[in-house]
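Below is one structure, written out as structure tokens; the observations come after it.
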Amino acid sequence: MRTPFDRLAKDLLKALLEPVCRTVTPEREVTADAQRLDLWCDPDPQRLPRLERLELLRRMLLDGACAFEFFHAAPSLDEVMSALRKALVLRHSAADAVTLWIIAAGRPHRVFDELPSLRRLESWPAGVYGLDPGLGVRMIIANELPRSADTLLFRLLGARRTLRDALPELDRLPEDDALGRAARPLVVRLLSDARESLPSTPQLEEFVMETQEWYEKWQRDLRAEGETRGRAKGEARAIVKFLRGRGLEVPPDAEARIESTTDLGTLERWLDLAAKVSSVDELFASS
């Protein structure tokens, strides 16, 4: 991957695709001369409903296997032609059709000039384009997408202003949202990298300043979450140890349930009851 922004794209898509795909492969080699795709996935149709809050991504996977190429800028004509070459190799070698999705932060004007068959896909949101169907190449331009819950994932993969404007939406996602859980720690890592490893430019310095609030907030949240998980893990182990110390049986499935519980209120109540119950079932019945 080329930059921390590209690493965010690969890691975030990989985290969201793994629960709904049979295989997800970063940097898949597609030719004898070691051309590589940024990300490859083979979706499992039965698991795609899990992406109900990510409708655009779910729709992209409906036709089967997908490959992804990420560009944290408008890709050049040479870069798009290289992606097209990979798509043709995939279509030639795969038993079923494969779609290559180019995720670009900005509009590649020369590409549109040189490839007039690259046109807006009318049944898709603004910002989604495709070449001739037989080529199997489609493109999402992040800064042209409408602001909606369905497009937030790809706007987070955009360039500075597009990403910056998406951060308040990411912050408003509920705690149980899959995109929020996957994206926040990766965005914090990206913002940290932007502060430490990228060449300093006036535009980057402005981006760092504009995202400082979110960087500090999510750092605190992630730190607190880690402390809570550590405390929950300790209490869960204490419950299991105490129950077994009293001679009570704790089957593997019951142990797994206790150790996977993260609500501190529940764990504290179980710890109090561990001295009184006569079985693990009785402990769970108190929930």
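Chain identifiers are assigned as A, B, and so on, following the order in which chains appear in the structure tokens; residues are numbered from 1 within each chain, and ligands are numbered from 1 in order of appearance.
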
Kindly assemble as CSV a list of the region 159-206 of chain A residues that lie within 8 Å of region 135-153 of chain A, each paired with its nearest atom pair and their distance in Å to one decimal, using only C-alpha atoms, sorted first by chain and then by ascending residue number.
residue,atom,partner,partner_atom,distance
A:Ala159,CA,A:Asn143,CA,7.8
A:Thr162,CA,A:Asn143,CA,5.8
A:Ala166,CA,A:Leu152,CA,6.7
A:Glu169,CA,A:Leu152,CA,7.7
A:Leu170,CA,A:Leu152,CA,7.7
A:Leu179,CA,A:Leu153,CA,7.2

Include C-alpha atoms and write out the residues we just selected as a PDB file, in the first residue's frame.
ATOM      1  CA  ALA A 159      -9.121  12.853   0.653  1.00  0.00           C
ATOM      2  CA  THR A 162     -14.128  14.549   2.280  1.00  0.00           C
ATOM      3  CA  ALA A 166     -17.276  12.472   7.381  1.00  0.00           C
ATOM      4  CA  GLU A 169     -21.003  11.302  11.076  1.00  0.00           C
ATOM      5  CA  LEU A 170     -18.675   8.531  12.226  1.00  0.00           C
ATOM      6  CA  LEU A 179     -18.746   0.461  10.669  1.00  0.00           C
TER       7      LEU A 179
END

Residue among A:Pro133, A:Lys233, A:Glu259, A:Val208 lying closest to Leu121 (chain A), counting only C-alpha atoms = A:Pro133

Would you kindly return, as JSON, numbers by chain, each protein, DNA or RNA residue with an atom no farther than 12 Å from any atom of Ala87 (chain A), considering only C-alpha atoms and excluding same-chain residues fewer than 2 positions away?
-> {"A": [29, 30, 31, 35, 36, 37, 40, 65, 66, 67, 68, 69, 80, 81, 82, 83, 84, 85, 89, 90, 91, 92, 93, 94, 97, 98, 99, 100, 101, 102, 131, 133, 134, 135, 136, 137, 138]}

Prev. selection, N, CA and C atoms, output as a short mmCIF file (atom, residue, chain, number, x, y, z; two decimals), in the first residue's frame:
data_model
loop_
_atom_site.label_atom_id
_atom_site.label_comp_id
_atom_site.auth_asym_id
_atom_site.auth_seq_id
_atom_site.Cartn_x
_atom_site.Cartn_y
_atom_site.Cartn_z
N GLU A 29 -2.07 -11.64 -5.80
CA GLU A 29 -1.30 -11.64 -7.03
C GLU A 29 -2.17 -12.15 -8.16
N VAL A 30 -2.13 -11.47 -9.32
CA VAL A 30 -3.03 -11.85 -10.41
C VAL A 30 -2.31 -12.23 -11.69
N THR A 31 -1.01 -11.98 -11.81
CA THR A 31 -0.31 -12.35 -13.03
C THR A 31 1.06 -12.91 -12.69
N GLN A 35 1.78 -8.72 -10.48
CA GLN A 35 0.85 -7.62 -10.24
C GLN A 35 -0.06 -8.01 -9.08
N ARG A 36 -0.36 -7.05 -8.23
CA ARG A 36 -1.15 -7.36 -7.06
C ARG A 36 -2.35 -6.43 -6.95
N LEU A 37 -3.45 -7.01 -6.47
CA LEU A 37 -4.65 -6.25 -6.14
C LEU A 37 -4.57 -5.81 -4.69
N TRP A 40 -9.08 -8.50 -2.26
CA TRP A 40 -9.93 -9.43 -3.01
C TRP A 40 -10.89 -10.07 -2.03
N ALA A 65 -17.67 -12.39 -6.67
CA ALA A 65 -16.31 -12.02 -6.28
C ALA A 65 -15.95 -10.61 -6.73
N CYS A 66 -15.24 -9.89 -5.85
CA CYS A 66 -14.84 -8.51 -6.11
C CYS A 66 -13.37 -8.31 -5.79
N ALA A 67 -12.77 -7.41 -6.54
CA ALA A 67 -11.42 -6.94 -6.21
C ALA A 67 -11.50 -5.43 -6.02
N PHE A 68 -10.57 -4.90 -5.23
CA PHE A 68 -10.56 -3.47 -4.93
C PHE A 68 -9.18 -2.89 -5.15
N GLU A 69 -9.14 -1.71 -5.75
CA GLU A 69 -7.92 -0.91 -5.87
C GLU A 69 -8.22 0.46 -5.26
N VAL A 80 -5.19 3.61 -13.89
CA VAL A 80 -6.46 2.99 -14.25
C VAL A 80 -6.25 1.91 -15.31
N MET A 81 -5.36 2.14 -16.26
CA MET A 81 -5.09 1.12 -17.27
C MET A 81 -4.46 -0.11 -16.63
N SER A 82 -3.61 0.10 -15.62
CA SER A 82 -3.04 -1.04 -14.90
C SER A 82 -4.13 -1.83 -14.19
N ALA A 83 -5.08 -1.11 -13.56
CA ALA A 83 -6.20 -1.78 -12.91
C ALA A 83 -7.05 -2.53 -13.93
N LEU A 84 -7.27 -1.93 -15.09
CA LEU A 84 -8.05 -2.59 -16.14
C LEU A 84 -7.35 -3.86 -16.60
N ARG A 85 -6.03 -3.81 -16.73
CA ARG A 85 -5.28 -5.01 -17.12
C ARG A 85 -5.47 -6.12 -16.09
N VAL A 89 -7.25 -9.88 -16.65
CA VAL A 89 -6.62 -11.14 -16.24
C VAL A 89 -7.56 -11.93 -15.34
N LEU A 90 -8.20 -11.23 -14.40
CA LEU A 90 -9.14 -11.90 -13.50
C LEU A 90 -10.29 -12.51 -14.28
N ARG A 91 -10.84 -11.76 -15.21
CA ARG A 91 -11.98 -12.26 -15.98
C ARG A 91 -11.57 -13.45 -16.84
N HIS A 92 -10.34 -13.46 -17.29
CA HIS A 92 -9.88 -14.57 -18.13
C HIS A 92 -9.63 -15.83 -17.30
N SER A 93 -9.14 -15.65 -16.07
CA SER A 93 -8.73 -16.80 -15.26
C SER A 93 -9.81 -17.32 -14.33
N ALA A 94 -10.80 -16.50 -13.98
CA ALA A 94 -11.81 -16.91 -13.00
C ALA A 94 -12.92 -17.71 -13.68
N ALA A 97 -17.61 -14.43 -13.24
CA ALA A 97 -17.27 -13.03 -13.45
C ALA A 97 -16.76 -12.39 -12.17
N VAL A 98 -15.79 -11.49 -12.31
CA VAL A 98 -15.22 -10.77 -11.19
C VAL A 98 -15.35 -9.28 -11.50
N THR A 99 -15.76 -8.51 -10.50
CA THR A 99 -15.85 -7.06 -10.66
C THR A 99 -14.70 -6.40 -9.93
N LEU A 100 -14.00 -5.51 -10.62
CA LEU A 100 -12.93 -4.73 -10.00
C LEU A 100 -13.47 -3.34 -9.69
N TRP A 101 -13.43 -2.97 -8.41
CA TRP A 101 -13.88 -1.66 -7.96
C TRP A 101 -12.67 -0.77 -7.70
N ILE A 102 -12.60 0.34 -8.40
CA ILE A 102 -11.58 1.36 -8.15
C ILE A 102 -12.19 2.40 -7.21
N LEU A 131 -17.22 1.10 -16.63
CA LEU A 131 -16.84 0.91 -18.02
C LEU A 131 -17.82 -0.07 -18.66
N PRO A 133 -19.84 -3.19 -19.57
CA PRO A 133 -20.08 -4.30 -18.63
C PRO A 133 -19.13 -5.48 -18.79
N GLY A 134 -18.74 -5.77 -20.03
CA GLY A 134 -17.87 -6.92 -20.24
C GLY A 134 -16.48 -6.76 -19.66
N LEU A 135 -16.08 -5.52 -19.34
CA LEU A 135 -14.77 -5.30 -18.76
C LEU A 135 -14.75 -5.52 -17.26
N GLY A 136 -15.89 -5.40 -16.62
CA GLY A 136 -15.97 -5.68 -15.18
C GLY A 136 -15.25 -4.67 -14.32
N VAL A 137 -15.20 -3.40 -14.74
CA VAL A 137 -14.52 -2.36 -13.96
C VAL A 137 -15.51 -1.27 -13.59
N ARG A 138 -15.56 -0.95 -12.32
CA ARG A 138 -16.40 0.13 -11.83
C ARG A 138 -15.58 1.04 -10.92
#

Shell of 12 Å around Leu264 (chain A), only C-alpha atoms, local chain residues under 2 positions omitted, as a VMD selection string | chain A and resid 225 227 to 236 258 to 262 266 to 271

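Distances here use only C-alpha atoms; by that measure, the residue among A:Leu88, A:His72, A:Arg28, A:Leu51 closest to Leu16 (chain A) is A:Leu51.
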
Apply DSSP to the structure's backbone, then extract all residues of region 59-190 of chain A labelled strand (DSSP E) and return them as a count of residues only.
-> 22

Residue nearest Glu79 (chain A) among A:Arg110, A:Arg59, A:Arg184, A:Arg246 (counting only C-alpha atoms) |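 Checking each of A:Arg110, A:Arg59, A:Arg184, A:Arg246 against Glu79 (chain A), counting only C-alpha atoms, the winner is A:Arg110.
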
Determine, counting only C-alpha atoms, which protein, DNA and RNA residues have an atom within 9 Å of an atom of Pro108 (chain A); residues of the same chain fewer than 4 positions away are not included. Present the result as a VMD selection string.
-> chain A and resid 73 to 77 104 112 to 113 141

Using only C-alpha atoms, pick whichever of A:Leu56, A:Leu186, A:Leu12, A:Leu173 has the shortest atom-to-atom distance to Val128 (chain A).
->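 The closest residue to Val128 (chain A) is A:Leu56.
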
Please report as JSON lines every residue of region 139-188 of chain A lying within 12 Å of region 209-212 of chain A, along with the nearest atom pair and their distance in Å (one decimal), using only C-alpha atoms.
{"residue": "A:Arg160", "atom": "CA", "partner": "A:Thr211", "partner_atom": "CA", "distance": 9.6}
{"residue": "A:Arg161", "atom": "CA", "partner": "A:Glu210", "partner_atom": "CA", "distance": 9.5}
{"residue": "A:Thr162", "atom": "CA", "partner": "A:Thr211", "partner_atom": "CA", "distance": 11.9}
{"residue": "A:Leu163", "atom": "CA", "partner": "A:Thr211", "partner_atom": "CA", "distance": 9.5}
{"residue": "A:Arg164", "atom": "CA", "partner": "A:Thr211", "partner_atom": "CA", "distance": 6.6}
{"residue": "A:Asp165", "atom": "CA", "partner": "A:Thr211", "partner_atom": "CA", "distance": 9.5}
{"residue": "A:Ala166", "atom": "CA", "partner": "A:Thr211", "partner_atom": "CA", "distance": 10.7}
{"residue": "A:Leu167", "atom": "CA", "partner": "A:Thr211", "partner_atom": "CA", "distance": 8.2}
{"residue": "A:Pro168", "atom": "CA", "partner": "A:Thr211", "partner_atom": "CA", "distance": 10.0}
{"residue": "A:Val187", "atom": "CA", "partner": "A:Thr211", "partner_atom": "CA", "distance": 10.4}
{"residue": "A:Val188", "atom": "CA", "partner": "A:Thr211", "partner_atom": "CA", "distance": 10.0}

Keeping only C-alpha atoms, write the selected residues to a file as an mmCIF file, in the first residue's frame.
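Wrote it out as result-v2.cif, contents follow:
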data_model
loop_
_atom_site.group_PDB
_atom_site.id
_atom_site.type_symbol
_atom_site.label_atom_id
_atom_site.label_comp_id
_atom_site.auth_asym_id
_atom_site.auth_seq_id
_atom_site.Cartn_x
_atom_site.Cartn_y
_atom_site.Cartn_z
ATOM 1 C CA ARG A 160 -8.742 15.453 3.361
ATOM 2 C CA ARG A 161 -11.915 17.533 3.095
ATOM 3 C CA THR A 162 -14.128 14.549 2.280
ATOM 4 C CA LEU A 163 -12.664 12.561 5.179
ATOM 5 C CA ARG A 164 -12.775 15.526 7.552
ATOM 6 C CA ASP A 165 -16.458 16.157 6.799
ATOM 7 C CA ALA A 166 -17.276 12.472 7.381
ATOM 8 C CA LEU A 167 -15.758 12.341 10.887
ATOM 9 C CA PRO A 168 -18.754 13.909 12.725
ATOM 10 C CA VAL A 187 -9.055 6.400 11.739
ATOM 11 C CA VAL A 188 -7.206 7.173 14.989
#
